[in-house]
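S.K.: You'll find entry35.cif just under this line, and it carries mmCIF, C-alpha atoms.
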```
data_start
loop_
_atom_site.label_atom_id
_atom_site.label_comp_id
_atom_site.auth_asym_id
_atom_site.auth_seq_id
_atom_site.Cartn_x
_atom_site.Cartn_y
_atom_site.Cartn_z
CA MET X 14 5.17 1.15 -13.86
CA GLY X 15 1.39 1.50 -13.77
CA CYS X 16 -1.00 -1.22 -12.76
CA PHE X 17 -1.65 -2.14 -16.38
CA GLN X 18 1.90 -2.11 -17.73
CA SER X 19 3.19 -5.50 -16.64
CA LYS X 20 4.40 -7.91 -19.32
CA THR X 21 2.96 -11.17 -17.97
CA THR X 22 -0.38 -12.10 -19.50
CA HIS X 23 -2.53 -15.20 -19.15
CA ILE X 24 -4.74 -16.67 -21.85
CA ALA X 25 -8.35 -16.53 -22.43
CA SER X 26 -10.47 -18.06 -25.09
CA PRO X 27 -13.97 -18.11 -26.68
CA ASP X 28 -16.19 -16.03 -28.89
CA GLN X 29 -19.78 -15.27 -29.54
CA GLU X 30 -21.97 -14.78 -32.61
CA PRO X 31 -23.93 -11.50 -32.72
CA LEU X 32 -27.50 -11.92 -31.56
CA PRO X 33 -30.41 -11.40 -33.98
CA PRO X 34 -31.19 -7.72 -34.62
CA GLN X 35 -33.26 -6.16 -31.84
CA GLU X 36 -34.05 -2.72 -30.58
CA PRO X 37 -30.97 -1.44 -28.69
CA LYS X 38 -31.36 -1.92 -24.95
CA ALA X 39 -29.51 -0.19 -22.13
CA ASP X 40 -26.54 -2.00 -20.66
CA LEU X 41 -26.74 -1.53 -16.89
CA ALA X 42 -22.97 -1.85 -16.55
CA ASN X 43 -21.96 1.29 -18.37
CA GLY X 44 -24.85 2.79 -20.26
CA ALA X 45 -23.90 1.06 -23.51
CA THR X 46 -26.50 -0.40 -25.86
CA ASP X 47 -26.79 -3.68 -27.71
CA LEU X 48 -25.77 -1.72 -30.83
CA ASP X 49 -22.49 -0.78 -29.14
CA HIS X 50 -22.06 -4.43 -28.24
CA HIS X 51 -22.39 -5.55 -31.86
CA GLN X 52 -20.08 -2.77 -33.04
CA ASP X 53 -17.48 -4.04 -30.57
CA LEU X 54 -17.82 -7.58 -31.92
CA ASP X 55 -17.53 -6.38 -35.52
CA GLN X 56 -13.84 -5.90 -34.74
CA VAL X 57 -13.41 -9.58 -33.81
CA PRO X 58 -12.35 -11.84 -36.73
CA THR X 59 -14.67 -14.66 -37.78
CA PHE X 60 -13.80 -17.98 -36.15
CA ARG X 61 -11.76 -20.24 -38.43
CA GLU X 62 -9.33 -23.12 -38.46
CA PHE X 63 -5.67 -22.11 -38.69
CA SER X 64 -2.91 -24.19 -40.18
CA LEU X 65 -0.06 -25.25 -37.96
CA ALA X 66 2.31 -23.39 -40.28
CA GLU X 67 0.40 -20.12 -39.71
CA LEU X 68 0.64 -20.47 -35.95
CA ARG X 69 4.30 -21.45 -36.07
CA THR X 70 4.98 -18.26 -38.01
CA ALA X 71 2.84 -16.21 -35.62
CA THR X 72 4.91 -17.40 -32.64
CA ASN X 73 8.35 -17.49 -34.26
CA GLY X 74 8.33 -21.27 -34.10
CA PHE X 75 6.70 -21.33 -30.66
CA SER X 76 9.56 -19.32 -29.23
CA SER X 77 9.97 -19.49 -25.46
CA ASP X 78 10.46 -15.71 -25.53
CA LEU X 79 6.78 -15.34 -26.43
CA ILE X 80 5.37 -17.49 -23.61
CA VAL X 81 3.01 -15.37 -21.54
CA SER X 82 1.14 -17.88 -19.36
CA GLU X 83 1.36 -17.68 -15.58
CA SER X 84 1.01 -21.40 -14.92
CA GLY X 85 4.70 -22.25 -14.57
CA GLU X 86 7.15 -24.40 -16.48
CA LYS X 87 5.51 -27.71 -15.55
CA ALA X 88 2.04 -26.67 -16.72
CA PRO X 89 0.63 -29.03 -19.39
CA ASN X 90 -0.69 -26.13 -21.50
CA VAL X 91 1.37 -23.14 -22.64
CA VAL X 92 0.16 -19.75 -23.85
CA TYR X 93 2.07 -17.70 -26.42
CA ARG X 94 1.72 -14.15 -27.64
CA GLY X 95 1.41 -14.36 -31.40
CA LYS X 96 1.09 -11.98 -34.32
CA LEU X 97 -1.12 -12.79 -37.30
CA ASN X 98 -1.36 -11.03 -40.65
CA ALA X 99 -1.97 -7.28 -40.39
CA ASN X 100 0.03 -7.41 -37.14
CA ARG X 101 -2.98 -8.51 -35.09
CA LEU X 102 -1.88 -9.71 -31.66
CA VAL X 103 -3.44 -12.96 -30.44
CA ALA X 104 -3.06 -15.40 -27.57
CA ILE X 105 -2.33 -18.96 -28.70
CA LYS X 106 -2.90 -21.77 -26.22
CA ARG X 107 -1.00 -24.98 -26.96
CA PHE X 108 -2.29 -28.11 -25.26
CA SER X 109 -0.37 -31.21 -24.27
CA ARG X 110 -0.65 -34.01 -26.80
CA LEU X 111 -2.91 -36.13 -24.55
CA SER X 112 -5.41 -33.39 -23.62
CA TRP X 113 -7.55 -33.88 -26.72
CA PRO X 114 -6.87 -37.26 -28.38
CA ASP X 115 -9.70 -36.84 -30.91
CA PRO X 116 -9.01 -33.92 -33.31
CA HIS X 117 -12.63 -33.85 -34.53
CA GLN X 118 -13.94 -33.52 -30.97
CA PHE X 119 -11.51 -30.66 -30.38
CA VAL X 120 -12.50 -28.73 -33.51
CA THR X 121 -16.22 -29.28 -32.88
CA GLU X 122 -15.95 -28.08 -29.30
CA ALA X 123 -13.81 -25.07 -30.22
CA SER X 124 -16.16 -24.09 -33.05
CA GLY X 125 -19.12 -24.19 -30.68
CA VAL X 126 -17.37 -22.00 -28.14
CA GLY X 127 -16.25 -19.69 -30.94
CA LYS X 128 -19.89 -18.78 -31.57
CA VAL X 129 -20.51 -17.58 -28.03
CA ARG X 130 -19.28 -14.03 -28.56
CA HIS X 131 -19.72 -11.18 -26.14
CA LYS X 132 -17.92 -7.98 -25.19
CA ARG X 133 -17.42 -9.35 -21.66
CA LEU X 134 -15.62 -12.42 -23.01
CA VAL X 135 -12.15 -12.88 -24.40
CA ASN X 136 -13.45 -14.21 -27.67
CA LEU X 137 -12.11 -17.32 -29.37
CA ILE X 138 -11.15 -16.62 -32.98
CA GLY X 139 -9.77 -19.94 -34.14
CA CYS X 140 -8.22 -23.33 -33.52
CA CYS X 141 -5.79 -25.82 -35.05
CA ALA X 142 -5.76 -29.62 -34.90
CA GLU X 143 -2.95 -31.04 -37.01
CA GLY X 144 -1.16 -34.26 -36.10
CA ASP X 145 -0.62 -34.21 -32.34
CA GLU X 146 -1.03 -30.42 -32.06
CA ARG X 147 -4.13 -28.90 -30.44
CA LEU X 148 -4.16 -25.09 -30.34
CA LEU X 149 -6.68 -22.35 -29.58
CA VAL X 150 -6.39 -18.78 -30.87
CA ALA X 151 -8.02 -15.99 -28.85
CA GLU X 152 -8.10 -12.22 -28.60
CA PHE X 153 -5.00 -10.92 -26.87
CA MET X 154 -5.53 -9.18 -23.54
CA PRO X 155 -2.56 -6.87 -22.89
CA ASN X 156 -3.26 -5.95 -19.27
CA ASP X 157 -2.82 -9.13 -17.26
CA THR X 158 -5.09 -11.26 -15.14
CA LEU X 159 -7.21 -10.48 -12.11
CA SER X 160 -4.86 -12.74 -10.16
CA LYS X 161 -1.93 -10.51 -11.09
CA HIS X 162 -3.70 -7.31 -10.03
CA LEU X 163 -5.12 -8.72 -6.80
CA PHE X 164 -2.28 -10.84 -5.49
CA HIS X 165 0.92 -9.65 -7.18
CA TRP X 166 0.51 -5.91 -7.68
CA GLU X 167 3.66 -3.80 -7.74
CA LYS X 168 2.47 -0.19 -7.51
CA GLN X 169 -1.08 -0.02 -6.24
CA PRO X 170 -3.88 -2.44 -5.41
CA LEU X 171 -6.98 -2.75 -7.56
CA PRO X 172 -9.46 -0.02 -6.50
CA TRP X 173 -12.81 -0.93 -4.95
CA GLU X 174 -14.83 0.40 -7.87
CA MET X 175 -12.85 -1.74 -10.30
CA ARG X 176 -13.40 -4.80 -8.10
CA VAL X 177 -17.15 -4.17 -8.22
CA ARG X 178 -16.88 -3.77 -11.99
CA VAL X 179 -15.13 -7.15 -12.21
CA ALA X 180 -17.93 -8.79 -10.20
CA TYR X 181 -20.59 -7.25 -12.45
CA TYR X 182 -18.92 -7.80 -15.81
CA ILE X 183 -18.13 -11.43 -15.03
CA ALA X 184 -21.74 -12.00 -13.96
CA GLN X 185 -22.77 -10.45 -17.29
CA ALA X 186 -20.45 -12.80 -19.18
CA LEU X 187 -21.79 -15.83 -17.34
CA GLY X 188 -25.34 -14.66 -17.95
CA HIS X 189 -24.72 -14.47 -21.69
CA CYS X 190 -23.09 -17.89 -21.76
CA ASN X 191 -26.05 -19.29 -19.86
CA ALA X 192 -28.44 -17.73 -22.39
CA GLN X 193 -26.44 -19.37 -25.19
CA ASN X 194 -26.91 -22.74 -23.46
CA ARG X 195 -23.32 -22.81 -22.27
CA LYS X 196 -24.26 -23.35 -18.65
CA LEU X 197 -20.99 -24.96 -17.55
CA TYR X 198 -17.84 -22.98 -16.91
CA HIS X 199 -14.84 -25.02 -15.84
CA ASP X 200 -12.63 -23.80 -13.01
CA LEU X 201 -13.69 -20.15 -12.71
CA ASN X 202 -10.97 -18.31 -10.80
CA ALA X 203 -8.91 -15.12 -10.79
CA TYR X 204 -6.66 -16.43 -13.58
CA ARG X 205 -9.68 -16.68 -15.89
CA VAL X 206 -10.40 -12.93 -15.68
CA LEU X 207 -8.25 -10.74 -17.93
CA PHE X 208 -8.10 -7.01 -18.66
CA ASP X 209 -8.35 -5.66 -22.19
CA GLU X 210 -6.64 -2.65 -23.77
CA ASP X 211 -9.19 -0.32 -22.13
CA GLY X 212 -8.58 -1.81 -18.70
CA ASP X 213 -11.97 -3.55 -18.62
CA PRO X 214 -12.26 -7.08 -17.19
CA ARG X 215 -13.23 -9.97 -19.45
CA LEU X 216 -13.85 -13.65 -18.83
CA SER X 217 -11.68 -16.19 -20.62
CA SER X 218 -13.73 -18.31 -22.97
CA PHE X 219 -11.48 -21.30 -22.52
CA GLY X 220 -13.39 -22.24 -19.38
CA LEU X 221 -16.41 -22.94 -21.60
CA MET X 222 -14.66 -25.88 -23.26
CA LYS X 223 -14.94 -29.43 -22.02
CA ASN X 224 -11.67 -31.28 -21.87
CA SER X 225 -10.98 -34.85 -22.90
CA ARG X 226 -12.58 -36.16 -19.71
CA ASP X 227 -15.99 -34.78 -20.65
CA GLY X 228 -16.09 -31.82 -18.31
CA LYS X 229 -14.36 -33.37 -15.32
CA SER X 230 -11.99 -30.43 -15.11
CA TYR X 231 -11.00 -28.76 -11.88
CA SER X 232 -7.39 -27.80 -11.39
CA THR X 233 -7.63 -25.53 -8.36
CA ASN X 234 -6.72 -26.44 -4.81
CA LEU X 235 -9.32 -28.76 -3.29
CA ALA X 236 -10.13 -26.13 -0.66
CA TYR X 237 -11.68 -23.96 -3.40
CA THR X 238 -13.43 -26.73 -5.33
CA PRO X 239 -17.26 -26.97 -5.32
CA PRO X 240 -18.38 -29.66 -2.84
CA GLU X 241 -20.39 -31.55 -5.45
CA PHE X 242 -17.33 -31.91 -7.67
CA LEU X 243 -15.47 -33.51 -4.81
CA ARG X 244 -18.39 -35.92 -4.31
CA THR X 245 -19.11 -36.82 -7.94
CA GLY X 246 -16.20 -35.59 -10.04
CA ARG X 247 -18.56 -33.61 -12.26
CA VAL X 248 -19.30 -29.93 -12.87
CA ILE X 249 -22.93 -28.74 -12.77
CA PRO X 250 -24.33 -25.25 -13.48
CA GLU X 251 -24.50 -24.51 -9.75
CA SER X 252 -20.76 -25.21 -9.52
CA VAL X 253 -20.22 -22.01 -11.50
CA ILE X 254 -22.07 -20.03 -8.82
CA TYR X 255 -19.86 -21.54 -6.11
CA SER X 256 -16.73 -20.60 -8.03
CA TYR X 257 -18.10 -17.08 -8.58
CA GLY X 258 -18.35 -16.89 -4.79
CA THR X 259 -14.66 -17.72 -4.45
CA VAL X 260 -13.83 -14.92 -6.92
CA LEU X 261 -15.91 -12.53 -4.79
CA LEU X 262 -13.80 -13.55 -1.78
CA ASP X 263 -10.67 -12.77 -3.79
CA LEU X 264 -12.06 -9.34 -4.69
CA LEU X 265 -13.09 -8.55 -1.12
CA SER X 266 -9.95 -9.75 0.63
CA GLY X 267 -7.18 -9.26 -1.91
CA LYS X 268 -6.07 -12.75 -0.86
CA HIS X 269 -6.96 -16.30 -1.84
CA ILE X 270 -8.93 -17.31 1.27
CA PRO X 271 -10.34 -20.85 1.56
CA PRO X 272 -14.15 -20.61 1.54
CA SER X 273 -14.47 -22.49 4.85
CA HIS X 274 -12.28 -19.92 6.62
CA ALA X 275 -14.08 -17.01 4.96
CA LEU X 276 -17.47 -18.38 6.01
CA ASP X 277 -16.23 -18.60 9.60
CA LEU X 278 -15.28 -14.91 9.44
CA ILE X 279 -18.64 -14.02 7.89
CA ARG X 280 -20.59 -15.93 10.53
CA GLY X 281 -18.53 -14.23 13.23
CA LYS X 282 -19.39 -10.81 11.75
CA ASN X 283 -15.65 -10.16 11.35
CA LEU X 284 -15.96 -8.04 8.24
CA LEU X 285 -12.78 -6.09 8.96
CA LEU X 286 -10.72 -9.27 9.12
CA LEU X 287 -12.07 -10.37 5.75
CA MET X 288 -11.69 -7.09 3.86
CA ASP X 289 -8.51 -6.02 2.06
CA SER X 290 -6.99 -3.33 4.29
CA SER X 291 -5.73 -1.42 1.22
CA LEU X 292 -9.37 -0.62 0.36
CA GLU X 293 -9.91 1.40 3.51
CA GLY X 294 -11.89 4.55 2.84
CA GLN X 295 -12.99 3.44 -0.65
CA TYR X 296 -16.27 1.70 0.11
CA ALA X 297 -19.36 2.04 2.24
CA ASN X 298 -19.77 -0.66 4.87
CA GLU X 299 -23.23 -1.52 3.56
CA ASP X 300 -21.82 -2.11 0.06
CA ALA X 301 -19.12 -4.40 1.38
CA THR X 302 -21.71 -6.19 3.48
CA GLU X 303 -23.86 -6.75 0.37
CA LEU X 304 -20.96 -8.38 -1.47
CA VAL X 305 -19.99 -10.45 1.56
CA GLU X 306 -23.56 -11.73 1.91
CA LEU X 307 -23.67 -12.51 -1.82
CA ALA X 308 -20.43 -14.50 -1.51
CA SER X 309 -21.92 -16.39 1.42
CA LYS X 310 -25.01 -17.30 -0.61
CA CYS X 311 -22.86 -18.49 -3.53
CA LEU X 312 -20.76 -20.69 -1.26
CA GLN X 313 -23.62 -22.72 0.20
CA TYR X 314 -22.70 -26.40 0.52
CA GLU X 315 -25.87 -27.64 -1.16
CA ALA X 316 -26.04 -26.63 -4.81
CA LYS X 317 -29.82 -26.06 -4.62
CA ASP X 318 -29.32 -23.36 -1.97
CA ARG X 319 -27.17 -21.13 -4.21
CA PRO X 320 -28.67 -18.21 -6.18
CA ASP X 321 -28.90 -18.13 -9.97
CA ILE X 322 -26.98 -15.84 -12.31
CA GLN X 323 -29.82 -13.32 -12.60
CA PHE X 324 -29.71 -12.95 -8.80
CA LEU X 325 -25.99 -12.17 -9.04
CA LEU X 326 -26.63 -9.42 -11.57
CA THR X 327 -29.46 -7.95 -9.52
CA ALA X 328 -27.30 -7.92 -6.39
CA VAL X 329 -24.20 -6.36 -7.95
CA THR X 330 -25.82 -3.77 -10.24
CA PRO X 331 -26.66 -1.21 -7.49
CA LEU X 332 -23.07 -1.26 -6.26
CA GLN X 333 -21.87 0.44 -9.47
CA LYS X 334 -21.23 3.95 -8.15
CA GLN X 335 -18.64 5.55 -10.48
CA LYS X 336 -19.51 4.43 -13.99
CA GLU X 337 -17.83 7.41 -15.67
CA LEU X 338 -14.47 7.24 -13.91
CA SER X 339 -11.71 5.61 -15.95
CA PHE X 340 -9.40 2.95 -14.60
CA GLN X 341 -6.44 5.31 -14.85
CA GLU X 342 -8.25 7.94 -12.77
CA TRP X 343 -9.20 5.33 -10.18
CA THR X 344 -5.68 4.05 -9.83
CA GLN X 345 -4.23 7.56 -9.56
CA GLN X 346 -6.70 8.43 -6.80
CA VAL X 347 -5.86 5.23 -4.97
CA GLN X 348 -2.13 5.89 -5.36
CA ASP X 349 -2.49 9.41 -3.91
CA MET X 350 -4.46 8.03 -0.97
CA LEU X 351 -1.97 5.24 -0.33
CA ASN X 352 0.95 7.66 -0.38
CA THR X 353 -0.77 10.04 2.03
CA LYS X 354 -1.67 7.18 4.37
CA LYS X 355 1.89 5.82 4.18
CA PHE X 356 3.40 9.15 5.19
CA GLY X 357 0.83 9.52 7.98
CA ASP X 358 1.61 6.03 9.29
CA ILE X 359 5.37 6.71 9.16
CA ALA X 360 4.91 9.91 11.16
CA PHE X 361 2.63 8.09 13.62
CA ARG X 362 5.16 5.26 14.04
CA ASP X 363 7.98 7.79 14.58
CA LYS X 364 5.86 9.61 17.19
CA ASP X 365 5.84 12.73 15.00
CA PHE X 366 2.22 13.31 15.96
CA LYS X 367 1.86 16.82 14.54
CA ASN X 368 2.76 15.63 11.04
CA ALA X 369 0.64 12.53 11.57
CA VAL X 370 -2.36 14.81 12.20
CA ASP X 371 -1.58 16.78 9.03
CA TYR X 372 -1.31 13.69 6.81
CA TYR X 373 -4.35 11.99 8.31
CA SER X 374 -6.37 15.20 7.86
CA LYS X 375 -5.44 15.23 4.15
CA LEU X 376 -6.40 11.57 3.95
CA VAL X 377 -9.82 12.15 5.53
CA ALA X 378 -10.49 14.84 2.91
CA MET X 379 -9.49 12.47 0.08
CA MET X 380 -11.50 9.43 1.17
CA SER X 381 -14.89 8.91 -0.40
CA VAL X 382 -15.96 6.96 2.70
CA PRO X 383 -14.82 7.83 6.26
CA SER X 384 -12.39 5.40 7.87
CA GLY X 385 -12.73 4.42 11.53
CA THR X 386 -9.09 3.43 11.88
CA VAL X 387 -7.83 6.71 10.42
CA PHE X 388 -10.06 8.65 12.83
CA VAL X 389 -8.71 6.62 15.77
CA ARG X 390 -5.08 7.19 14.77
CA ARG X 391 -5.69 10.90 14.34
CA ALA X 392 -7.50 10.94 17.69
CA LEU X 393 -4.50 9.41 19.45
CA SER X 394 -2.21 11.86 17.66
CA TYR X 395 -4.40 14.75 18.86
CA LEU X 396 -4.19 13.39 22.42
CA MET X 397 -0.40 13.25 22.25
CA ILE X 398 -0.18 16.92 21.26
CA GLY X 399 -2.61 18.03 23.95
CA GLN X 400 -5.79 18.54 21.90
CA ALA X 401 -8.21 16.32 23.81
CA GLU X 402 -11.40 17.91 22.44
CA LEU X 403 -10.37 17.20 18.85
CA ALA X 404 -9.35 13.70 19.92
CA LEU X 405 -12.81 13.11 21.39
CA ARG X 406 -14.45 14.33 18.18
CA ASP X 407 -12.41 11.90 16.09
CA ALA X 408 -13.04 9.01 18.46
CA MET X 409 -16.79 9.69 18.19
CA GLN X 410 -16.47 9.73 14.39
CA ALA X 411 -14.72 6.35 14.57
CA GLN X 412 -17.70 4.99 16.51
CA VAL X 413 -20.07 6.30 13.82
CA CYS X 414 -18.04 4.41 11.21
CA LEU X 415 -17.83 1.23 13.27
CA PRO X 416 -20.59 1.27 15.91
CA GLU X 417 -19.41 -1.85 17.79
CA TRP X 418 -15.66 -1.37 17.55
CA PRO X 419 -14.21 -1.52 21.10
CA THR X 420 -11.17 0.62 20.17
CA ALA X 421 -13.45 3.57 19.30
CA PHE X 422 -14.96 3.41 22.81
CA TYR X 423 -11.57 3.07 24.49
CA MET X 424 -10.28 6.11 22.61
CA GLN X 425 -13.31 8.13 23.72
CA ALA X 426 -12.64 7.02 27.28
CA LEU X 427 -9.05 8.29 27.05
CA ALA X 428 -10.14 11.64 25.63
CA LEU X 429 -12.89 12.08 28.21
CA SER X 430 -10.45 11.27 31.00
CA LYS X 431 -8.03 13.91 29.68
CA LEU X 432 -10.92 16.39 29.75
CA GLY X 433 -11.61 15.54 33.40
CA MET X 434 -14.91 13.75 32.67
CA GLU X 435 -14.09 10.61 34.65
CA SER X 436 -17.63 9.29 35.02
CA ASP X 437 -18.28 9.48 31.28
CA ALA X 438 -14.87 7.97 30.62
CA GLN X 439 -15.72 4.98 32.84
CA ASP X 440 -19.01 4.48 30.99
CA MET X 441 -17.19 4.43 27.65
CA LEU X 442 -14.61 2.00 29.04
CA ASN X 443 -17.38 -0.33 30.18
CA ASP X 444 -19.14 -0.12 26.80
CA GLY X 445 -15.92 -0.95 25.00
CA ALA X 446 -15.26 -3.94 27.25
CA SER X 447 -18.83 -5.14 26.70
CA PHE X 448 -18.51 -5.04 22.92
CA GLU X 449 -15.13 -6.76 23.10
CA ALA X 450 -16.57 -9.60 25.20
CA LYS X 451 -19.51 -9.91 22.77
CA LYS X 452 -17.12 -10.13 19.83
CA GLN X 453 -14.99 -12.81 21.47
CA SER X 454 -18.09 -14.79 22.37
CA SER X 455 -19.43 -14.73 18.79
CA TRP X 456 -16.03 -15.76 17.46
CA ARG X 457 -15.97 -18.83 19.73
CA ILE X 458 -19.41 -19.81 18.42
#
```
Turn the structure described in the file into structure tokens.

M.R.:
Amino acid sequence: MGCFQSKTTHIASPDQEPLPPQEPKADLANGATDLDHHQDLDQVPTFREFSLAELRTATNGFSSDLIVSESGEKAPNVVYRGKLNANRLVAIKRFSRLSWPDPHQFVTEASGVGKVRHKRLVNLIGCCAEGDERLLVAEFMPNDTLSKHLFHWEKQPLPWEMRVRVAYYIAQALGHCNAQNRKLYHDLNAYRVLFDEDGDPRLSSFGLMKNSRDGKSYSTNLAYTPPEFLRTGRVIPESVIYSYGTVLLDLLSGKHIPPSHALDLIRGKNLLLLMDSSLEGQYANEDATELVELASKCLQYEAKDRPDIQFLLTAVTPLQKQKELSFQEWTQQVQDMLNTKKFGDIAFRDKDFKNAVDYYSKLVAMMSVPSGTVFVRRALSYLMIGQAELALRDAMQAQVCLPEWPTAFYMQALALSKLGMESDAQDMLNDGASFEAKKQSSWRI
């Protein structure tokens, strides 16, 4: 089953009205123009109020077989996959009775969000407020949430280029919402990012809606909550930037790391400990460093010290390196690399060093960015089959990839010793020990 063939899908929400006619402008994300943007939105139905009967029919009486939310059985709000007239698939979010006591407030809020349409949003196309029922109707996203693809993948992890695309597209969505005077986004996290039928990420519009407590909505673990919300119980525009920083951490690490722990790693220059190991060979260190530094800026304790949305866009735009490559091509490349690495690691573990060299050599040829750890493993494999000169070459390549990595120096020392160059080997050993002591010292700080 491919990365985008799972059945579980989370909701999204809002919509946006087309902007006034202007000259088409280039879209930095993928070369599209504003005209393309409006053509995309022409396919989205006009926002309207649905009757409860219509939505009952669309969901087969709110059948449990059509529940697609990832929030669990005890969640107060449930999401259904529904089918409207003309067989149009939609996501229907059904709130608990107490979430929105005032039906007029609910309809007014939903209608306002329904006007905020954009191709980077999962657009809201309707609502229903009859009796105790409060429901939102949104575009259906068939390819799961970012959370699913980052934390619960079955076949292959999300490729680096797609992670960068997520960071950029979500910044675009937030930028548009900000321009439409929707400056607050409630509880931005990996569940709020969904993938459409083309495999492109979109931001759920539901986060644009205030709930019955007038915007006091944060459901995530307190460790990931903006500091000012913990102090005041309120969301401010800068809270969105903080939450964007937590999503960047998710993208970088492939795990849900508490910001405090991530900032400790960043301060200690422990980039390798922060990064998702499955991304090895897919990114340049300077690109990863840029995203790590951006996350650090977003996660500043004081709201005034965080960047604005335009800064996010400016920072992420240059990291778009493969605009023409489709998601399917990315995932196939990643799968081929993962398989080759797996077979190389199995051979290495089984001390079948000749085959380990063969697999790691194929892997080096496939990687868009050299990997220090792969060079070190191939170097050790070369040493074990008596090819010390090739081992030294690989160990030197590992040092080029990671200039202060002690293991690269130790491996050079081993190779030099095998070649009878004891003095040079001792120098390398000393350099490695020096860098290791420096690393431990910075970690203690």

S.K.: Name every residue that the PyMOL selection byres ((chain X and resi 154) around 10) selects in this structure, writing the answer as number ranges by chain with chains first and numbers rising.

M.R.: X: 22-25, 94, 102-104, 135, 151-153, 155-158, 206-215, 217

S.K.: Excluding Pro272 in chain X and residues on its chain fewer than 4 positions from it, collect all residues at most 8 Å away from it, counting all atoms listed in the file, and give them as a ChimeraX atom specification.

M.R.: /X:236-237,259,262,276,312

S.K.: Keeping C-alpha atoms, export the residues of the selection given above as a PDB file, in the frame of the given file.

M.R.:
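The resulting file, result24.pdb, is reproduced below:
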```pdb
ATOM      1  CA  ALA X 236     -10.130 -26.130  -0.660  1.00  0.00           C
ATOM      2  CA  TYR X 237     -11.680 -23.960  -3.400  1.00  0.00           C
ATOM      3  CA  THR X 259     -14.660 -17.720  -4.450  1.00  0.00           C
ATOM      4  CA  LEU X 262     -13.800 -13.550  -1.780  1.00  0.00           C
ATOM      5  CA  LEU X 276     -17.470 -18.380   6.010  1.00  0.00           C
ATOM      6  CA  LEU X 312     -20.760 -20.690  -1.260  1.00  0.00           C
TER       7      LEU X 312
END
```

S.K.: Neighbouring residues of Leu287 in chain X were defined as those with any atom within 8 Å, considering only C-alpha atoms; residues of the same chain fewer than 3 positions away were excluded. Please report them as a PDB file with C-alpha atoms, in the frame of the given file.

M.R.:
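What ended up in around-v6.pdb:
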```
ATOM      1  CA  LEU X 265     -13.090  -8.550  -1.120  1.00  0.00           C
ATOM      2  CA  SER X 266      -9.950  -9.750   0.630  1.00  0.00           C
ATOM      3  CA  ALA X 275     -14.080 -17.010   4.960  1.00  0.00           C
ATOM      4  CA  LEU X 278     -15.280 -14.910   9.440  1.00  0.00           C
ATOM      5  CA  ILE X 279     -18.640 -14.020   7.890  1.00  0.00           C
ATOM      6  CA  ASN X 283     -15.650 -10.160  11.350  1.00  0.00           C
ATOM      7  CA  LEU X 284     -15.960  -8.040   8.240  1.00  0.00           C
TER       8      LEU X 284
END
```

S.K.: One number please: CA of Glu251 in chain X to CA of Lys128 in chain X, in Å, one decimal.

M.R.: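 Rounded to one decimal, the two atoms are 23.0 Å apart.
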
S.K.: Nearest residue to Leu148 in chain X out of X:Asp78, X:Glu293, X:Glu62, X:Glu174, using only C-alpha atoms?

M.R.: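 Smallest separation from Leu148 in chain X among the options: X:Glu62.
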
S.K.: Once the PyMOL selection byres ((chain X and resi 421) around 10) has been applied to the shown file, what residues remain in the selection, as a list in words?

M.R.: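 Residues picked by the PyMOL selection byres ((chain X and resi 421) around 10): Gly385, Thr386, Phe388, Val389, Ala392, Leu405, Asp407, Ala408, Met409, Gln410, Ala411, Gln412, Val413, Cys414, Leu415, Pro416, Glu417, Trp418, Pro419, Thr420, Phe422, Tyr423, Met424, Gln425, Ala426, Met441, Leu442 and Gly445 of chain X.
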